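Okay, upload15.csv is below, CSV, C-alpha atoms:
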chain,number,residue,atom,x,y,z
A,571,MET,CA,-14.8,-1.2,37.7
A,572,ALA,CA,-12.9,-3.2,35.2
A,573,LYS,CA,-15.2,-6.1,35.7
A,574,ALA,CA,-18.3,-3.9,35.2
A,575,LYS,CA,-16.8,-2.7,31.9
A,576,THR,CA,-16.2,-6.3,30.8
A,577,GLU,CA,-19.8,-7.3,31.6
A,578,THR,CA,-21.1,-4.3,29.7
A,579,ALA,CA,-19.0,-5.2,26.7
A,580,GLY,CA,-20.3,-8.7,26.9
A,581,ASP,CA,-23.9,-7.5,27.1
A,582,VAL,CA,-23.4,-5.5,24.0
A,583,ARG,CA,-22.0,-8.4,22.1
A,584,THR,CA,-24.8,-10.6,23.3
A,585,GLU,CA,-27.3,-8.0,22.0
A,586,ALA,CA,-25.5,-7.9,18.7
A,587,ALA,CA,-25.7,-11.7,18.4
A,588,ARG,CA,-29.4,-11.5,19.2
A,589,ILE,CA,-30.0,-8.9,16.5
A,590,ILE,CA,-28.2,-11.1,13.9
A,591,SER,CA,-30.2,-14.1,15.0
A,592,GLU,CA,-33.6,-12.3,14.7
A,593,MET,CA,-32.6,-10.8,11.3
A,594,ARG,CA,-31.8,-14.2,9.9
A,595,ALA,CA,-34.9,-15.8,11.4
A,596,SER,CA,-37.2,-13.1,9.9
A,597,VAL,CA,-35.6,-13.6,6.4
A,598,ALA,CA,-35.5,-17.4,6.6
A,599,SER,CA,-39.2,-17.5,7.6
A,600,GLU,CA,-40.1,-15.0,4.8
A,601,GLU,CA,-41.6,-12.8,7.5
A,602,LEU,CA,-39.6,-9.9,6.0
A,603,HIS,CA,-37.7,-9.3,2.7
A,604,TRP,CA,-34.0,-9.3,3.4
A,605,PHE,CA,-33.6,-5.6,2.8
A,606,PRO,CA,-36.0,-4.3,5.5
A,607,ALA,CA,-34.8,-7.0,7.8
A,608,LEU,CA,-31.2,-5.7,7.2
A,609,LEU,CA,-32.2,-2.1,7.9
A,610,GLN,CA,-34.0,-3.1,11.0
A,611,ALA,CA,-30.9,-4.8,12.3
A,612,ILE,CA,-28.8,-1.7,11.4
A,613,ARG,CA,-31.2,0.5,13.2
A,614,ASN,CA,-30.9,-1.6,16.4
A,615,TRP,CA,-27.1,-2.3,16.1
A,616,PRO,CA,-25.4,-1.4,19.4
A,617,LEU,CA,-21.7,-1.4,18.3
A,618,ALA,CA,-19.9,1.6,17.0
A,619,SER,CA,-16.9,-0.5,15.9
A,620,GLU,CA,-15.7,-4.1,16.1
A,621,GLU,CA,-12.9,-6.4,15.1
A,622,ILE,CA,-13.7,-9.6,13.3
A,623,GLY,CA,-10.7,-11.7,12.5
A,624,GLU,CA,-8.2,-9.4,10.9
A,625,ARG,CA,-10.9,-7.0,9.7
A,626,SER,CA,-11.6,-3.7,11.5
A,627,TYR,CA,-15.1,-2.2,11.2
A,628,ARG,CA,-15.6,1.4,12.3
A,629,TYR,CA,-19.3,2.3,11.7
A,630,LEU,CA,-19.3,5.5,13.6
A,631,ILE,CA,-16.9,8.2,12.4
A,632,GLY,CA,-15.9,11.1,14.6
A,633,GLY,CA,-18.5,10.0,17.1
A,634,GLU,CA,-21.3,11.3,14.8
A,635,ALA,CA,-21.1,10.1,11.2
A,636,PHE,CA,-22.6,6.7,10.5
A,637,ASP,CA,-21.4,4.4,7.6
A,638,TRP,CA,-24.5,2.3,7.1
A,639,LEU,CA,-23.1,0.5,4.1
A,640,LEU,CA,-20.1,-0.7,6.0
A,641,LEU,CA,-22.5,-2.2,8.6
A,642,ALA,CA,-24.6,-3.6,5.8
A,643,GLU,CA,-21.6,-5.4,4.4
A,644,ARG,CA,-20.8,-6.9,7.8
A,645,LEU,CA,-24.4,-8.1,8.4
A,646,LEU,CA,-24.8,-9.4,4.9
A,647,ASP,CA,-21.9,-11.7,5.6
A,648,GLU,CA,-24.2,-13.3,8.2
A,649,MET,CA,-26.8,-14.0,5.5
A,650,THR,CA,-24.9,-15.3,2.5
A,651,ASP,CA,-27.2,-18.3,2.4
A,652,LEU,CA,-30.3,-16.2,2.4
A,653,VAL,CA,-29.6,-13.2,0.2
A,654,PRO,CA,-29.0,-13.5,-3.6
A,655,GLU,CA,-25.3,-12.7,-4.2
A,656,GLU,CA,-26.1,-10.3,-7.1
A,657,GLU,CA,-28.5,-8.3,-5.0
A,658,ALA,CA,-26.0,-8.0,-2.2
A,659,GLU,CA,-23.3,-6.9,-4.6
A,660,ALA,CA,-25.6,-4.4,-6.2
A,661,LEU,CA,-26.3,-2.8,-2.8
A,662,LEU,CA,-22.7,-2.7,-1.6
A,663,PHE,CA,-20.9,-1.8,-4.8
A,664,ARG,CA,-23.5,0.3,-6.7
A,665,GLU,CA,-25.8,1.3,-3.8
A,666,GLN,CA,-28.7,-0.2,-5.8
A,667,LEU,CA,-31.5,-0.9,-3.4
A,668,PRO,CA,-33.3,-4.2,-4.0
A,669,LEU,CA,-36.7,-2.6,-3.3
A,670,ASP,CA,-38.3,0.7,-4.3
A,671,THR,CA,-37.5,2.6,-1.2
A,672,LYS,CA,-38.3,6.4,-1.0
A,673,GLU,CA,-36.0,8.6,1.1
A,674,ALA,CA,-38.8,9.1,3.7
A,675,ASP,CA,-39.2,5.3,4.1
A,676,PHE,CA,-35.4,4.9,4.4
A,677,GLN,CA,-35.4,7.5,7.1
A,678,VAL,CA,-38.1,5.7,9.1
A,679,LEU,CA,-36.2,2.3,8.6
A,680,LEU,CA,-32.9,3.8,9.9
A,681,GLY,CA,-34.6,5.6,12.8
A,682,VAL,CA,-32.2,7.5,15.0
A,683,LYS,CA,-29.3,6.5,12.8
A,684,TYR,CA,-30.6,8.5,9.8
A,685,ARG,CA,-29.1,11.9,10.9
A,686,PRO,CA,-25.7,10.3,11.6
A,687,HIS,CA,-26.0,8.7,8.1
A,688,LEU,CA,-26.5,12.3,6.7
A,689,ASN,CA,-23.4,13.4,8.6
A,690,PHE,CA,-21.5,10.6,6.8
A,691,VAL,CA,-22.8,11.6,3.4
A,692,TYR,CA,-21.9,15.3,3.8
A,693,GLY,CA,-18.8,14.9,6.0
A,694,VAL,CA,-17.1,12.0,4.3
A,695,ARG,CA,-18.6,11.3,0.8
A,696,VAL,CA,-19.2,14.9,-0.2
A,697,GLU,CA,-15.8,15.9,1.2
A,698,ALA,CA,-14.1,13.3,-0.9
A,699,ALA,CA,-16.1,14.4,-4.0
A,700,LEU,CA,-15.1,18.0,-3.3
A,701,GLN,CA,-11.4,17.0,-3.3
A,702,VAL,CA,-11.9,15.3,-6.6
A,703,ALA,CA,-13.7,18.3,-8.1
A,704,VAL,CA,-10.9,20.7,-7.1
A,705,GLN,CA,-8.2,18.4,-8.3
A,706,ASP,CA,-10.1,18.3,-11.7
A,707,GLU,CA,-10.1,22.1,-11.8
A,708,ILE,CA,-6.3,22.2,-11.1
A,709,ARG,CA,-5.6,19.5,-13.6
A,710,LYS,CA,-7.3,21.5,-16.3
A,711,GLU,CA,-5.2,24.6,-15.4
A,712,THR,CA,-1.8,22.9,-15.1
A,713,THR,CA,0.6,22.6,-18.0
A,714,ALA,CA,3.1,20.3,-16.3
A,715,THR,CA,4.3,17.4,-18.4
A,716,ASN,CA,5.8,15.2,-15.7
A,717,THR,CA,3.0,13.0,-14.5
A,718,TRP,CA,4.4,12.3,-11.0
A,719,GLU,CA,5.3,16.0,-10.4
A,720,LYS,CA,1.9,17.0,-11.8
A,721,ASN,CA,0.0,14.7,-9.5
A,722,GLY,CA,2.0,15.8,-6.4
A,723,HIS,CA,1.4,19.4,-7.3
A,724,ILE,CA,-2.3,18.8,-7.8
A,725,GLU,CA,-2.8,17.3,-4.4
A,726,ASP,CA,-0.8,20.0,-2.6
A,727,GLU,CA,-2.6,22.8,-4.5
A,728,MET,CA,-6.0,21.1,-3.7
A,729,PHE,CA,-5.4,21.2,0.0
A,730,GLN,CA,-4.3,24.8,-0.1
A,731,ARG,CA,-7.4,25.8,-2.1
A,732,ILE,CA,-9.9,24.0,0.1
A,733,TYR,CA,-8.4,24.1,3.6
A,734,GLY,CA,-5.8,26.9,3.3
A,735,ARG,CA,-3.0,24.7,4.7
A,736,PRO,CA,-0.6,22.0,3.4
A,737,ARG,CA,-1.7,18.4,3.6
A,738,ALA,CA,1.3,17.5,5.8
A,739,GLN,CA,0.5,20.1,8.4
A,740,LEU,CA,-3.2,19.1,8.6
A,741,LEU,CA,-2.3,15.3,8.7
A,742,ALA,CA,0.1,16.0,11.6
A,743,GLU,CA,-2.6,17.9,13.5
A,744,PHE,CA,-5.1,15.1,12.8
A,745,ARG,CA,-2.7,12.5,14.1
A,746,LEU,CA,-2.1,14.5,17.2
A,747,GLU,CA,-5.8,14.7,18.0
A,748,GLN,CA,-6.2,11.0,17.3
A,749,ASN,CA,-3.3,10.1,19.5
A,750,SER,CA,-2.0,8.0,16.6
A,751,ILE,CA,1.5,7.5,15.1
A,752,ASP,CA,2.7,10.4,13.0
A,753,SER,CA,2.8,8.8,9.6
A,754,GLU,CA,1.9,9.5,6.0
A,755,TRP,CA,0.2,6.1,5.9
A,756,LEU,CA,-3.5,5.9,6.4
A,757,SER,CA,-5.5,2.7,6.7
A,758,LEU,CA,-8.9,2.3,5.0
A,759,THR,CA,-10.7,3.0,8.3
A,760,ASP,CA,-8.4,6.0,8.9
A,761,PHE,CA,-9.5,7.6,5.6
A,762,SER,CA,-13.1,8.1,6.7
A,763,GLU,CA,-12.0,9.6,10.0
A,764,TRP,CA,-9.5,11.8,8.1
A,765,ARG,CA,-12.1,13.1,5.6
A,766,TYR,CA,-14.6,13.8,8.3
A,767,TRP,CA,-12.0,15.6,10.3
A,768,LEU,CA,-11.2,17.7,7.2
A,769,PHE,CA,-14.9,18.5,6.8
A,770,GLN,CA,-15.1,19.7,10.3
A,771,TYR,CA,-11.9,21.8,9.9
A,772,ARG,CA,-13.3,23.4,6.7
A,773,VAL,CA,-16.6,24.3,8.3
A,774,LYS,CA,-14.9,25.7,11.4
A,775,TYR,CA,-12.2,27.8,9.7
A,776,SER,CA,-13.5,28.7,6.3
A,777,ASP,CA,-15.7,31.7,5.4
A,778,PRO,CA,-19.4,30.6,5.5
A,779,ALA,CA,-19.9,31.6,1.9
A,780,LYS,CA,-16.9,29.5,0.8
A,781,VAL,CA,-18.2,26.6,2.9
A,782,ALA,CA,-21.5,26.7,1.1
A,783,SER,CA,-19.9,27.1,-2.3
A,784,ASP,CA,-17.5,24.2,-1.7
A,785,THR,CA,-20.2,22.0,-0.4
A,786,ARG,CA,-22.4,22.6,-3.5
A,787,LYS,CA,-19.3,21.8,-5.6
A,788,GLY,CA,-18.8,18.5,-3.7
A,789,LEU,CA,-22.5,17.6,-4.0
A,790,LEU,CA,-22.5,18.2,-7.8
A,791,MET,CA,-19.3,16.0,-8.2
A,792,LEU,CA,-20.8,13.3,-6.0
A,793,GLN,CA,-23.9,13.3,-8.1
A,794,ARG,CA,-21.8,13.1,-11.3
A,795,LEU,CA,-19.7,10.2,-9.9
A,796,GLU,CA,-22.8,8.3,-8.8
A,797,ARG,CA,-24.4,8.9,-12.3
A,798,ASN,CA,-21.3,7.6,-14.0
A,799,GLN,CA,-21.3,4.6,-11.7
A,800,ARG,CA,-24.9,3.8,-12.6
A,801,ASP,CA,-24.2,4.2,-16.3
A,802,ARG,CA,-21.3,1.8,-16.1
A,803,ALA,CA,-23.5,-0.7,-14.2
A,804,VAL,CA,-26.2,-0.5,-16.9
A,805,ALA,CA,-23.6,-0.9,-19.7
A,806,ALA,CA,-22.1,-3.9,-18.0
A,807,ASP,CA,-25.6,-5.6,-17.7

Let me see the structure of the file written as structure tokens.
Amino acid sequence: MAKAKTETAGDVRTEAARIISEMRASVASEELHWFPALLQAIRNWPLASEEIGERSYRYLIGGEAFDWLLLAERLLDEMTDLVPEEEAEALLFREQLPLDTKEADFQVLLGVKYRPHLNFVYGVRVEAALQVAVQDEIRKETTATNTWEKNGHIEDEMFQRIYGRPRAQLLAEFRLEQNSIDSEWLSLTDFSEWRYWLFQYRVKYSDPAKVASDTRKGLLMLQRLERNQRDRAVAAD
């Protein structure tokens, strides 16, 4: 049985290597522009996570939320000689697509990974934006003068307002479910898992009307943050 698992893992790695090779060949031969070639490779990518050197890549969060930009970063590292650096940076840091790609076209290019991509948007990015929005609300309400006490109060109050429980209790429950060490420290890869877990917790235990209201609040904040990011990018240029 162990041997069969090893062979299966080897087959998957071989498939990943083949996808990278075909991606590079299609760009080098100018058969495809690098962006559709990248999305084609992402659509066919067989690995949910991988370790490369000291870097951990976890593309599939909670078994159902897909971080396509993280996979794009990993695959663009395989095409540094073929893709203009400024275009790659614009995609990864500002989500600026190099081609005029409508959402319907993007959906087709991602294929079956499109819905998991939406799960990531709503379950990780919108959830993070919701936390920012609620912290902003609390910050406007508080009159505390000590910055450190103020920030600690804001985070604690934010968790109470959104999830109805202290952060420490929720983190301990998350750690227990993940079979990980009980610690306040979260790695970068842990953060996406943590936020998606909080999203699922909120949907499961909150009143449906509050879920809808909080999700709208998160979406509006995400749009605001993305708009500010675009404005800064334009100003920098």

Provide the atom CA of Ser626 of chain A to atom CA of Ala607 of chain A distance in Å, to one decimal place.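 Separation of atom CA of Ser626 of chain A and atom CA of Ala607 of chain A: 23.7 Å.
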
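Taking atom CA of Glu585 of chain A as the reference point, atom CA of Tyr766 of chain A is found at 28.7 Å.
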
Quick one: residues within 12 Å of Asp651 of chain A, only C-alpha atoms counted, chain neighbours fewer than 4 positions away excluded, as JSON, numbers by chain? {"A": [594, 597, 598, 604, 646, 647, 655, 658]}

Separation of atom CA of Ile631 of chain A from atom CA of Leu609 of chain A in Å: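 One can read the atom CA of Leu609 of chain A to atom CA of Ile631 of chain A distance as 19.0 Å.
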
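Taking all atoms listed in the file into account, Met649 of chain A lies nearest to A:Leu608 out of the set A:Arg765, A:Thr785, A:Leu608, A:Gly623.
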
Neighbours of Glu621 of chain A within 12 Å (all atoms listed in the file; same-chain residues fewer than 6 positions away dropped), as number ranges by chain? A: 583, 627-629, 644, 759

Just checking: using all atoms listed in the file, which residue out of A:Pro606, A:Tyr771, A:Gln730, A:Glu643 ends up closest to Asp675 of chain A?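 Answer, going by the shortest atom-to-atom distance: A:Pro606.
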
Skip Pro616 of chain A itself and residues of its chain fewer than 3 positions away, then list as a list in words all residues within 12 Å of it, counting all atoms listed in the file.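 Answer for this query is Thr578, Ala579, Gly580, Asp581, Val582, Arg583, Thr584, Glu585, Ala586, Ala587, Arg588, Ile589, Ile590, Ala611, Ile612, Arg613, Ser619, Glu620, Tyr629, Leu630, Leu641 and Lys683 of chain A.
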
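Closest approach to Glu657 of chain A among A:Phe605, A:Trp755, A:Phe744, A:Phe761 is made by A:Phe605 (distances from all atoms listed in the file).
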
Write out as a PyMOL selection string the residues lying within 8 Å of segment 731-734 of chain A, counting all atoms listed in the file and excluding same-chain residues fewer than 5 positions away. chain A and resi 701+704+768+771-772+776+784

Selection near segment 792-798 of chain A, 9 Å with all atoms listed in the file, sequence-local residues under 4 positions removed, as a list in words: Arg664, Arg695, Val696, Ala698, Ala699, Leu700, Ala703, Lys787, Gly788, Arg802 and Ala803 of chain A

Shortest interatomic distance to Gln666 of chain A - which of A:Leu789, A:Ala595, A:Leu639, A:Leu617, counting all atoms listed in the file: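 Once distances to Gln666 of chain A are computed over all atoms listed in the file, the minimum belongs to A:Leu639.
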